[in-house]
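Structure file final18.txt (compact mmCIF, C-alpha atoms) follows.
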# COMPACT_ATOMS: atom_id res chain seq x y z
CA MET U 30 0.00 0.00 0.00
CA GLN U 31 3.02 2.19 -0.13
CA GLN U 32 2.42 5.59 -1.67
CA THR U 33 4.89 6.05 -4.47
CA GLY U 34 3.76 9.00 -6.49
CA SER U 35 3.34 9.06 -10.26
CA MET U 36 5.70 7.37 -12.67
CA THR U 37 7.48 8.83 -15.65
CA PRO U 38 6.28 7.61 -19.09
CA ALA U 39 9.55 5.68 -19.47
CA ALA U 40 9.06 3.93 -16.12
CA SER U 41 5.43 3.17 -17.02
CA ALA U 42 6.54 1.66 -20.31
CA GLU U 43 9.22 -0.38 -18.53
CA PHE U 44 6.68 -1.62 -16.02
CA ALA U 45 4.17 -2.50 -18.75
CA ALA U 46 6.82 -4.53 -20.57
CA LEU U 47 7.89 -6.36 -17.40
CA LEU U 48 4.27 -7.08 -16.49
CA GLU U 49 3.66 -8.45 -19.97
CA ASP U 50 6.71 -10.73 -19.62
CA HIS U 51 5.53 -11.98 -16.22
CA LYS U 52 1.80 -12.38 -16.89
CA ARG U 53 1.92 -16.10 -16.33
CA LEU U 54 3.41 -15.59 -12.87
CA VAL U 55 0.55 -13.25 -11.99
CA PHE U 56 -2.12 -15.58 -13.36
CA LYS U 57 -0.72 -18.64 -11.66
CA VAL U 58 -0.72 -16.91 -8.28
CA ALA U 59 -4.27 -15.73 -9.02
CA THR U 60 -5.25 -19.26 -10.03
CA THR U 61 -3.76 -20.70 -6.85
CA TYR U 62 -5.79 -18.39 -4.61
CA GLY U 63 -8.91 -17.61 -6.64
CA ARG U 64 -11.69 -19.86 -7.89
CA GLY U 65 -13.34 -19.21 -11.21
CA ARG U 66 -12.77 -16.60 -13.84
CA ALA U 67 -14.10 -13.60 -11.91
CA ASP U 68 -11.76 -14.30 -8.98
CA ILE U 69 -8.75 -14.81 -11.22
CA GLU U 70 -9.37 -11.59 -13.14
CA ASP U 71 -10.00 -9.64 -9.98
CA LEU U 72 -6.88 -10.95 -8.27
CA ALA U 73 -4.69 -10.52 -11.35
CA GLN U 74 -5.77 -6.88 -11.62
CA GLU U 75 -5.23 -6.33 -7.93
CA ILE U 76 -1.71 -7.75 -8.18
CA ALA U 77 -0.99 -5.57 -11.22
CA ALA U 78 -2.35 -2.52 -9.38
CA GLN U 79 -0.23 -3.08 -6.28
CA SER U 80 2.84 -3.81 -8.41
CA TRP U 81 2.31 -0.58 -10.32
CA ARG U 82 2.12 1.36 -7.06
CA ALA U 83 5.26 -0.29 -5.69
CA PHE U 84 7.26 -0.19 -8.92
CA PRO U 85 9.13 3.10 -8.24
CA SER U 86 10.73 1.42 -5.23
CA TYR U 87 11.83 -1.61 -7.30
CA GLN U 88 15.60 -1.92 -7.57
CA PRO U 89 16.66 -3.32 -10.96
CA ALA U 90 19.65 -5.03 -9.30
CA ARG U 91 17.16 -7.47 -7.77
CA THR U 92 15.33 -10.16 -9.72
CA PHE U 93 12.00 -8.84 -10.97
CA SER U 94 10.26 -12.19 -10.58
CA THR U 95 11.24 -12.42 -6.88
CA TRP U 96 9.95 -8.90 -6.30
CA LEU U 97 6.74 -9.65 -8.19
CA TYR U 98 6.21 -12.96 -6.37
CA ARG U 99 6.35 -11.12 -3.04
CA ILE U 100 3.74 -8.60 -4.14
CA ALA U 101 1.53 -11.18 -5.84
CA LEU U 102 1.56 -13.52 -2.85
CA ASN U 103 0.99 -10.72 -0.34
CA VAL U 104 -1.95 -9.43 -2.36
CA ALA U 105 -3.40 -12.91 -2.92
CA ILE U 106 -3.08 -13.95 0.73
CA SER U 107 -4.68 -10.70 1.91
CA TRP U 108 -7.41 -11.11 -0.70
CA LEU U 109 -8.12 -14.67 0.43
CA ARG U 110 -8.30 -13.62 4.09
CA ALA U 111 -10.72 -10.79 3.30
CA GLU U 112 -12.77 -12.33 0.51
CA VAL U 113 -13.55 -15.81 1.75
CA PRO U 114 -15.16 -14.81 5.10
CA ARG U 115 -17.13 -12.07 3.27
CA ARG U 116 -18.39 -14.57 0.71
CA ARG U 117 -19.33 -17.07 3.38
CA ARG U 118 -21.50 -14.41 4.97
CA SER U 119 -23.16 -13.32 1.74
CA VAL U 120 -23.57 -16.26 -0.67
CA PRO U 121 -22.91 -20.00 -0.56
CA PHE U 122 -19.22 -20.40 -1.28
CA ASP U 123 -19.56 -22.43 -4.46
CA ALA U 124 -22.66 -20.81 -5.88
CA ASP U 125 -21.25 -18.45 -8.49
CA LEU U 126 -17.70 -19.47 -8.90
CA HIS U 127 -17.60 -22.13 -11.55
CA ASP U 128 -17.52 -20.95 -15.11
CA THR U 129 -15.35 -21.99 -18.01
CA THR U 130 -11.72 -21.13 -17.36
CA ALA U 131 -8.29 -22.61 -17.46
CA VAL U 132 -9.01 -23.84 -13.97
CA ASP U 133 -11.85 -26.01 -15.26
CA SER U 134 -9.71 -27.48 -18.00
CA PHE U 135 -6.89 -27.84 -15.48
CA GLU U 136 -9.27 -29.87 -13.34
CA ALA U 137 -10.23 -32.02 -16.31
CA ASP U 138 -7.27 -34.32 -15.74
CA ASP U 139 -6.65 -36.38 -12.62
CA GLY U 140 -3.43 -34.64 -11.66
CA GLY U 141 -5.01 -31.22 -11.99
CA ARG U 142 -8.00 -32.22 -9.90
CA ILE U 143 -5.80 -33.67 -7.18
CA LEU U 144 -3.57 -30.61 -7.15
CA ARG U 145 -6.57 -28.27 -7.02
CA GLY U 146 -8.03 -30.26 -4.10
CA PHE U 147 -4.72 -30.21 -2.26
CA ILE U 148 -4.19 -26.48 -2.88
CA GLU U 149 -7.63 -25.69 -1.49
CA SER U 150 -7.04 -27.81 1.59
CA ARG U 151 -3.97 -25.74 2.55
CA GLY U 152 -3.78 -22.46 4.45
CA PRO U 153 -2.72 -19.30 2.58
CA LEU U 154 0.94 -19.48 3.62
CA GLU U 155 1.33 -23.12 2.75
CA ARG U 156 -0.31 -22.42 -0.61
CA ALA U 157 2.43 -19.90 -1.28
CA LEU U 158 5.08 -22.48 -0.48
CA LEU U 159 3.35 -25.08 -2.66
CA LEU U 160 3.09 -22.69 -5.60
CA LEU U 161 6.78 -21.79 -5.38
CA TYR U 162 7.69 -25.49 -5.11
CA LEU U 163 5.57 -26.35 -8.17
CA GLU U 164 7.15 -23.46 -10.02
CA GLU U 165 10.53 -25.03 -9.17
CA ARG U 166 11.96 -21.88 -7.63
CA PRO U 167 15.28 -22.42 -5.82
CA ASN U 168 15.06 -22.73 -2.02
CA ASN U 169 17.05 -19.56 -1.38
CA GLU U 170 14.64 -17.58 -3.59
CA ILE U 171 11.64 -19.10 -1.79
CA ALA U 172 13.28 -18.11 1.50
CA GLU U 173 13.75 -14.57 0.22
CA ILE U 174 10.16 -14.33 -0.98
CA LEU U 175 8.59 -15.70 2.19
CA GLY U 176 11.01 -14.20 4.71
CA ILE U 177 12.13 -17.45 6.34
CA THR U 178 15.47 -19.28 6.30
CA ALA U 179 16.50 -21.59 3.45
CA THR U 180 16.84 -24.47 5.95
CA ASN U 181 13.28 -23.86 7.08
CA VAL U 182 12.17 -23.89 3.44
CA THR U 183 13.83 -27.28 2.86
CA THR U 184 12.14 -28.76 5.94
CA LYS U 185 8.76 -27.36 5.01
CA ILE U 186 8.96 -28.50 1.40
CA ASN U 187 9.84 -32.04 2.46
CA ARG U 188 6.81 -32.09 4.76
CA LEU U 189 4.64 -30.60 2.05
CA LYS U 190 5.76 -33.23 -0.46
CA ASP U 191 4.90 -35.98 2.03
CA ARG U 192 1.45 -34.51 2.55
CA LEU U 193 0.91 -34.08 -1.18
CA ARG U 194 1.98 -37.66 -1.82
CA THR U 195 -0.40 -38.97 0.86
CA TYR U 196 -3.21 -36.77 -0.43
CA ALA U 197 -2.63 -37.92 -4.02
CA GLU U 198 -2.59 -41.60 -2.99
CA THR U 199 -5.82 -41.19 -1.02
CA ALA U 200 -7.54 -39.15 -3.73
CA HIS U 201 -6.38 -41.46 -6.50
CA GLY U 202 -7.31 -44.56 -4.50
CA THR U 203 -10.85 -43.37 -3.95
CA ARG U 204 -11.50 -42.85 -7.66
CA MET Y 12 0.15 -40.81 -8.47
CA GLU Y 13 3.75 -39.57 -8.32
CA LEU Y 14 4.87 -36.02 -7.60
CA ASP Y 15 6.38 -35.76 -11.07
CA GLU Y 16 2.96 -36.41 -12.62
CA LEU Y 17 1.42 -33.71 -10.42
CA LYS Y 18 4.15 -31.30 -11.45
CA ALA Y 19 3.42 -32.16 -15.10
CA SER Y 20 -0.23 -31.25 -14.46
CA TRP Y 21 0.93 -27.92 -13.10
CA GLN Y 22 3.01 -27.32 -16.21
CA ARG Y 23 -0.07 -28.00 -18.33
CA LEU Y 24 -1.90 -25.31 -16.36
CA ASP Y 25 1.01 -23.04 -17.17
CA ARG Y 26 0.39 -23.52 -20.88
CA ARG Y 27 -3.39 -23.15 -20.54
CA VAL Y 28 -3.03 -19.93 -18.62
CA GLN Y 29 -0.88 -18.59 -21.43
CA GLU Y 30 -3.59 -19.46 -23.92
CA LEU Y 31 -6.24 -17.53 -22.02
CA THR Y 32 -6.34 -14.52 -24.25
CA ALA Y 33 -9.70 -13.43 -22.88
CA ILE Y 34 -8.28 -13.14 -19.38
CA ASN Y 35 -4.95 -11.81 -20.56
CA ARG Y 36 -6.69 -8.82 -22.07
CA GLN Y 37 -7.84 -7.87 -18.58
CA LEU Y 38 -4.30 -7.42 -17.36
CA THR Y 39 -3.40 -4.10 -18.87
CA LEU Y 40 -1.50 -1.22 -17.37
CA ASP Y 41 -4.54 1.06 -17.69
CA ALA Y 42 -6.70 -1.34 -15.71
CA ALA Y 43 -3.98 -1.64 -13.06
CA ILE Y 44 -3.66 2.12 -12.70
CA ARG Y 45 -7.44 2.58 -12.46
CA LYS Y 46 -7.70 -0.13 -9.87
CA ALA Y 47 -4.78 1.25 -7.83
CA ARG Y 48 -6.38 4.68 -7.70
CA TRP Y 49 -9.89 3.47 -7.00
CA ARG Y 50 -9.12 0.98 -4.25
CA PHE Y 51 -7.78 3.61 -1.88
CA ALA Y 52 -10.83 5.84 -2.12
CA PRO Y 53 -12.82 4.29 0.78
CA LEU Y 54 -9.77 4.16 3.05
CA LEU Y 55 -8.83 7.73 2.21
CA ALA Y 56 -12.38 9.00 2.64
CA GLY Y 57 -12.86 7.27 6.00
CA ALA Y 58 -9.52 8.28 7.46
CA ALA Y 59 -9.70 11.82 6.07
CA GLY Y 60 -13.22 12.12 7.54
CA ASN Y 61 -11.87 11.15 10.96
CA VAL Y 62 -9.05 13.67 10.68
CA VAL Y 63 -11.33 16.53 9.55
CA ILE Y 64 -14.03 15.87 12.17
CA GLY Y 65 -11.40 15.42 14.89
CA ALA Y 66 -9.54 18.59 13.91
CA PHE Y 67 -12.74 20.64 13.72
CA PHE Y 68 -14.01 19.64 17.16
CA ALA Y 69 -10.54 19.79 18.71
CA LEU Y 70 -10.15 23.40 17.55
CA ALA Y 71 -13.69 24.31 18.60
CA SER Y 72 -13.31 22.79 22.07
CA ALA Y 73 -9.84 24.31 22.56
CA SER Y 74 -11.24 27.71 21.67
CA PHE Y 75 -14.19 27.11 24.04
CA ILE Y 76 -11.79 26.17 26.87
CA GLY Y 77 -9.83 29.34 26.18
CA THR Y 78 -12.89 31.52 26.69
CA HIS Y 79 -14.25 29.61 29.75
CA ARG Y 80 -11.11 29.03 31.79
CA ASP Y 81 -12.69 30.01 35.06
CA ALA Y 82 -15.85 27.89 34.80
CA LEU Y 83 -15.44 24.27 35.88
CA ALA Y 84 -18.94 23.40 34.56
CA ALA Y 85 -17.81 24.48 31.09
CA LEU Y 86 -14.36 22.90 31.28
CA VAL Y 87 -15.63 19.36 31.97
CA PRO Y 88 -17.70 18.90 28.77
CA ALA Y 89 -15.16 20.87 26.76
CA GLY Y 90 -12.39 18.62 28.11
CA VAL Y 91 -14.35 15.50 27.10
CA LEU Y 92 -14.95 17.02 23.69
CA LEU Y 93 -11.28 17.88 23.26
CA ALA Y 94 -10.06 14.45 24.34
CA THR Y 95 -12.53 12.65 22.07
CA SER Y 96 -11.77 14.91 19.12
CA LEU Y 97 -8.05 14.34 19.54
CA ALA Y 98 -8.68 10.59 19.67
CA TYR Y 99 -10.57 10.83 16.33
CA LEU Y 100 -7.74 12.85 14.86
CA VAL Y 101 -5.05 10.44 16.01
CA VAL Y 102 -7.01 7.35 14.91
CA GLY Y 103 -7.60 8.80 11.43
CA ALA Y 104 -4.02 9.96 10.98
CA GLY Y 105 -2.65 6.71 12.43
CA ARG Y 106 -4.76 4.62 10.05
CA LEU Y 107 -3.47 6.56 7.07
CA VAL Y 108 0.17 6.37 8.15
CA LEU Y 109 0.05 2.66 9.00
CA ALA Y 110 -1.72 1.72 5.78
CA TRP Y 111 0.60 3.85 3.68
CA ARG Y 112 3.75 2.40 5.20
CA ILE Y 113 2.96 -1.19 4.27
CA ASP Y 114 5.00 -2.12 1.24
CA PHE Y 115 3.69 -5.26 -0.44
CA SER Y 116 7.08 -5.97 -1.99
CA GLY Y 117 8.44 -7.00 1.42
CA PRO Y 118 8.83 -10.64 2.56
CA VAL Y 119 5.46 -12.39 2.73
CA LEU Y 120 5.53 -13.37 6.41
CA GLY Y 121 6.61 -9.91 7.58
CA ILE Y 122 3.97 -8.12 5.52
CA GLN Y 123 1.20 -10.49 6.52
CA ARG Y 124 2.18 -9.97 10.16
CA SER Y 125 2.03 -6.17 9.69
CA LEU Y 126 -1.35 -6.42 8.00
CA ALA Y 127 -2.76 -8.54 10.82
CA ALA Y 128 -1.41 -6.05 13.37
CA LEU Y 129 -3.02 -3.21 11.42
CA GLN Y 130 -6.33 -5.08 11.31
CA LYS Y 131 -6.16 -5.61 15.08
CA TRP Y 132 -5.30 -1.96 15.71
CA GLU Y 133 -8.10 -0.77 13.43
CA ALA Y 134 -10.64 -2.97 15.16
CA TRP Y 135 -9.69 -1.67 18.60
CA SER Y 136 -9.53 1.94 17.44
CA PHE Y 137 -13.00 1.60 15.92
CA PHE Y 138 -14.22 0.26 19.23
CA ALA Y 139 -12.56 3.14 21.13
CA MET Y 140 -14.26 5.57 18.77
CA TRP Y 141 -17.65 4.08 19.59
CA VAL Y 142 -16.97 4.76 23.27
CA GLY Y 143 -15.92 8.30 22.35
CA ALA Y 144 -18.95 8.78 20.12
CA SER Y 145 -21.28 7.97 23.02
CA LEU Y 146 -19.77 10.85 25.01
CA LEU Y 147 -19.13 13.34 22.21
CA PRO Y 148 -22.69 14.54 21.38
CA VAL Y 149 -23.60 15.01 25.02
CA ALA Y 150 -20.45 16.93 25.86
CA MET Y 151 -21.13 19.03 22.77
CA LEU Y 152 -24.72 19.77 23.90
CA PHE Y 153 -23.53 20.81 27.36
CA ALA Y 154 -20.92 23.04 25.79
CA ILE Y 155 -23.53 24.64 23.50
CA ILE Y 156 -25.92 25.30 26.40
CA ILE Y 157 -23.14 26.83 28.49
CA ALA Y 158 -21.86 28.86 25.54
CA SER Y 159 -25.30 30.30 24.78
CA HIS Y 160 -26.68 30.71 28.29
CA GLY Y 161 -23.59 31.04 30.48
CA VAL Y 162 -22.27 28.82 33.25
CA THR Y 163 -25.39 29.45 35.32
CA SER Y 164 -27.45 27.37 32.85
CA TRP Y 165 -28.72 25.18 35.69
CA GLU Y 166 -30.36 28.16 37.39
CA ARG Y 167 -31.62 29.71 34.15
CA MET Y 168 -32.64 26.60 32.19
CA PRO Y 169 -32.98 23.62 34.55
CA GLY Y 170 -35.25 21.78 32.08
CA ALA Y 171 -32.68 21.85 29.28
CA VAL Y 172 -29.89 20.68 31.55
CA VAL Y 173 -31.98 17.81 32.96
CA ALA Y 174 -33.17 16.80 29.48
CA ASN Y 175 -29.60 16.85 28.26
CA ALA Y 176 -28.46 14.77 31.22
CA ILE Y 177 -31.23 12.21 30.55
CA VAL Y 178 -30.24 11.95 26.88
CA TRP Y 179 -26.61 11.55 27.90
CA ILE Y 180 -27.46 8.79 30.37
CA ALA Y 181 -29.82 7.00 27.97
CA VAL Y 182 -27.73 7.25 24.82
CA GLY Y 183 -24.17 7.37 26.07
CA VAL Y 184 -23.69 6.22 29.63
CA LEU Y 185 -26.23 3.36 30.04
CA PRO Y 186 -25.18 1.36 26.96
CA LEU Y 187 -21.55 1.90 27.92
CA LEU Y 188 -22.18 0.76 31.51
CA ALA Y 189 -24.20 -2.24 30.30
CA TYR Y 190 -21.33 -3.20 28.01
CA LEU Y 191 -18.69 -2.77 30.75
CA VAL Y 192 -20.72 -4.84 33.25
CA SER Y 193 -21.31 -7.55 30.65
CA ARG Y 194 -17.64 -7.55 29.74
CA ARG Y 195 -16.66 -7.97 33.37
CA ARG Y 196 -18.98 -10.96 33.62
CA GLN Y 197 -17.87 -12.23 30.21
CA GLY Y 198 -21.50 -11.96 29.11
CA LYS Y 199 -23.09 -12.41 25.70
CA LEU Y 200 -23.95 -8.71 25.37
CA ALA Y 201 -20.29 -7.64 25.48
CA ALA Y 202 -19.33 -10.39 23.04
CA ARG Y 203 -22.10 -9.33 20.64
CA VAL Y 204 -21.16 -5.64 20.87
CA GLU Y 205 -17.50 -6.43 20.19
CA ALA Y 206 -18.38 -8.77 17.33
CA PHE Y 207 -20.69 -6.13 15.82
CA LEU Y 208 -18.24 -3.25 16.18
CA THR Y 209 -15.15 -5.10 15.08
CA SER Y 210 -16.72 -7.54 12.58
CA HIS Y 211 -14.73 -10.32 14.25
CA SER Y 212 -11.63 -8.50 13.04
CA ILE Y 213 -9.73 -8.90 16.27
CA ALA Y 214 -10.35 -12.63 16.43
CA GLN Y 215 -9.37 -12.93 12.77
CA ALA Y 216 -6.22 -10.87 13.27
CA ARG Y 217 -5.21 -12.95 16.29
CA ALA Y 218 -5.83 -16.17 14.35
CA THR Y 219 -3.76 -14.83 11.44
CA LEU Y 220 -0.88 -13.82 13.71
CA ALA Y 221 -0.97 -17.25 15.38
CA GLU Y 222 -0.97 -18.94 11.97
CA ILE Y 223 2.01 -16.86 10.79
CA ASP Y 224 3.97 -17.60 13.97
CA GLU Y 225 3.22 -21.29 13.65
CA PHE Y 226 4.30 -21.29 9.99
CA ALA Y 227 7.52 -19.41 10.80
CA GLU Y 228 8.46 -21.67 13.70
CA ARG Y 229 7.52 -25.14 12.55

Once you've parsed the file, please lay out its structure as structure tokens.
Amino acid sequence: MQQTGSMTPAASAEFAALLEDHKRLVFKVATTYGRGRADIEDLAQEIAAQSWRAFPSYQPARTFSTWLYRIALNVAISWLRAEVPRRRRSVPFDADLHDTTAVDSFEADDGGRILRGFIESRGPLERALLLLYLEERPNNEIAEILGITATNVTTKINRLKDRLRTYAETAHGTR
Amino acid sequence: MELDELKASWQRLDRRVQELTAINRQLTLDAAIRKARWRFAPLLAGAAGNVVIGAFFALASASFIGTHRDALAALVPAGVLLATSLAYLVVGAGRLVLAWRIDFSGPVLGIQRSLAALQKWEAWSFFAMWVGASLLPVAMLFAIIIASHGVTSWERMPGAVVANAIVWIAVGVLPLLAYLVSRRRQGKLAARVEAFLTSHSIAQARATLAEIDEFAER
């Protein structure tokens, strides 16, 4: 939410180009936390908006994807914490969230369905870890994004893999 | 099913997301800028409202105190008014500063911890403002009566003073006392008032902080 002031046209153009190059990162974070097309669009825009606000403080010496992951995950986690309780109060959680998106086609195969089920069974912080693991980010980058030690990341990922394996076996076995 | 197969499913999602031209069109710089500007409007309006109202009444009550230094009957309501107004001012300014200082490009755990702390602070400050709001109108009425009829209002207008006192007790003091008694007894009324005024924000913030600590430590 940092106030950064307006950007120069050159900085805006640079940001637009970087955002274009990293669209998939934004959409995959949005897909991990949102359900259905409306959620994904809303979250993707929110991530883009917060990134635009924070961009003047971005230091080019640092990796853009690491910087963007931090913003995207912070926005998505905050969104999930605010949106889900609100939705539970207003409409049934699943009522208006399933339309045709990549998520639906993702869920069309067994692996996708299992992954989606596992993602939704995790808390927001563990989802972040799972996403970064699936994206095959190095442990030291994950540590930098989340703000924990690399050793802690290794331990957590090993536990997460065990849980995912157990979940997949159970889910696959019941089909 | 092996982890490698699950990872392959994730890679397929990667390709599908790339193919989503309909969604991709939504992610433009213009849309981002519009959204960034729009989303701060409610926060700005609410906090700025607190600051303006607080500043206005703080100045008015300070000026009133300046002209009624010798009259204790005038200083009490004016003091309440000043204290409450300053609380509004501080809460509004504090909300703006805290919200503005959060930089989403920081490490996830640290930022989420700051956000939960902000949510907790906001919930309590909202609650404190309710307490203030129950005293503010009455103190203001007393100040108006004293300003227009002098410190001998009781002798000159006993009806107005009694009516004002009844309104104060009914609107401000009784609900506050009922809440405080219920809170002391851990009653349902206090729990309902807190849940209503804070929208469960404090409980949520505490749960979030606990979750972050657990994630960081385990």

Among the residues Y:Trp21, Y:Trp179, Y:Phe68, Y:Tyr190, the one that comes closest to chain U [using all atoms listed in the file]: Y:Trp21

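Pairwise distance (atom CA of Y:Ile157, atom CA of Y:Ala171) equals 10.8 Å.
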
For atom CA of Y:Leu107 and atom CA of Y:Ala59, the interatomic separation in Å (one decimal): 8.2 Å

Computed interatomic separation between atom CA of U:Arg110 and atom CA of Y:Val62 (Å): 28.1 Å

Shell around U:Glu149 at 10 Å using all atoms listed in the file, local window under 6 positions removed, as number ranges by chain: U: 61-64, 143, 156

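Ranking U:Ala105, U:Ala90, U:Asn187, U:Leu175 by their shortest atom-to-atom distance to U:Ala77, with only C-alpha atoms included, puts U:Ala105 first.
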
Nearby residues (all atoms listed in the file) at most 10 Å from stretch 176-182 of chain U, same-chain spacing under 6 positions excluded, as a PyMOL selection string: (chain U and resi 99+158+162+167-170+188) or (chain Y and resi 117-122+226-229)

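Between chain U and the residues Y:Ser74, Y:Thr95, Y:Asn61, Y:Ser116, the shortest atom-to-atom distance, using all atoms listed in the file, involves Y:Ser116.
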
Regenerate stretch 187-200 of chain Y at the level of N, CA and C atoms and dump it as a PDB file, keeping the file's coordinate frame.
ATOM      1  N   LEU Y 187     -22.962   2.105  27.589  1.00  0.00           N
ATOM      2  CA  LEU Y 187     -21.550   1.900  27.920  1.00  0.00           C
ATOM      3  C   LEU Y 187     -21.413   1.100  29.215  1.00  0.00           C
ATOM      4  N   LEU Y 188     -22.225   1.470  30.230  1.00  0.00           N
ATOM      5  CA  LEU Y 188     -22.180   0.760  31.510  1.00  0.00           C
ATOM      6  C   LEU Y 188     -22.625  -0.693  31.321  1.00  0.00           C
ATOM      7  N   ALA Y 189     -23.697  -0.876  30.538  1.00  0.00           N
ATOM      8  CA  ALA Y 189     -24.200  -2.240  30.300  1.00  0.00           C
ATOM      9  C   ALA Y 189     -23.118  -3.084  29.643  1.00  0.00           C
ATOM     10  N   TYR Y 190     -22.413  -2.469  28.683  1.00  0.00           N
ATOM     11  CA  TYR Y 190     -21.330  -3.200  28.010  1.00  0.00           C
ATOM     12  C   TYR Y 190     -20.215  -3.545  29.001  1.00  0.00           C
ATOM     13  N   LEU Y 191     -19.809  -2.547  29.820  1.00  0.00           N
ATOM     14  CA  LEU Y 191     -18.690  -2.770  30.750  1.00  0.00           C
ATOM     15  C   LEU Y 191     -19.039  -3.862  31.776  1.00  0.00           C
ATOM     16  N   VAL Y 192     -20.299  -3.815  32.273  1.00  0.00           N
ATOM     17  CA  VAL Y 192     -20.720  -4.840  33.250  1.00  0.00           C
ATOM     18  C   VAL Y 192     -20.711  -6.214  32.581  1.00  0.00           C
ATOM     19  N   SER Y 193     -21.266  -6.274  31.363  1.00  0.00           N
ATOM     20  CA  SER Y 193     -21.310  -7.550  30.650  1.00  0.00           C
ATOM     21  C   SER Y 193     -19.906  -8.074  30.353  1.00  0.00           C
ATOM     22  N   ARG Y 194     -19.022  -7.148  30.055  1.00  0.00           N
ATOM     23  CA  ARG Y 194     -17.640  -7.550  29.740  1.00  0.00           C
ATOM     24  C   ARG Y 194     -16.963  -8.136  30.970  1.00  0.00           C
ATOM     25  N   ARG Y 195     -17.235  -7.499  32.105  1.00  0.00           N
ATOM     26  CA  ARG Y 195     -16.660  -7.970  33.370  1.00  0.00           C
ATOM     27  C   ARG Y 195     -17.135  -9.381  33.689  1.00  0.00           C
ATOM     28  N   ARG Y 196     -18.406  -9.626  33.347  1.00  0.00           N
ATOM     29  CA  ARG Y 196     -18.980 -10.960  33.620  1.00  0.00           C
ATOM     30  C   ARG Y 196     -18.792 -11.917  32.441  1.00  0.00           C
ATOM     31  N   GLN Y 197     -18.080 -11.457  31.441  1.00  0.00           N
ATOM     32  CA  GLN Y 197     -17.870 -12.230  30.210  1.00  0.00           C
ATOM     33  C   GLN Y 197     -19.212 -12.644  29.589  1.00  0.00           C
ATOM     34  N   GLY Y 198     -20.139 -11.683  29.581  1.00  0.00           N
ATOM     35  CA  GLY Y 198     -21.500 -11.960  29.110  1.00  0.00           C
ATOM     36  C   GLY Y 198     -21.640 -11.907  27.601  1.00  0.00           C
ATOM     37  N   LYS Y 199     -22.829 -12.340  27.146  1.00  0.00           N
ATOM     38  CA  LYS Y 199     -23.090 -12.410  25.700  1.00  0.00           C
ATOM     39  C   LYS Y 199     -23.198 -11.008  25.091  1.00  0.00           C
ATOM     40  N   LEU Y 200     -23.742 -10.064  25.892  1.00  0.00           N
ATOM     41  CA  LEU Y 200     -23.950  -8.710  25.370  1.00  0.00           C
ATOM     42  C   LEU Y 200     -22.606  -8.107  24.921  1.00  0.00           C
TER      43      LEU Y 200
END
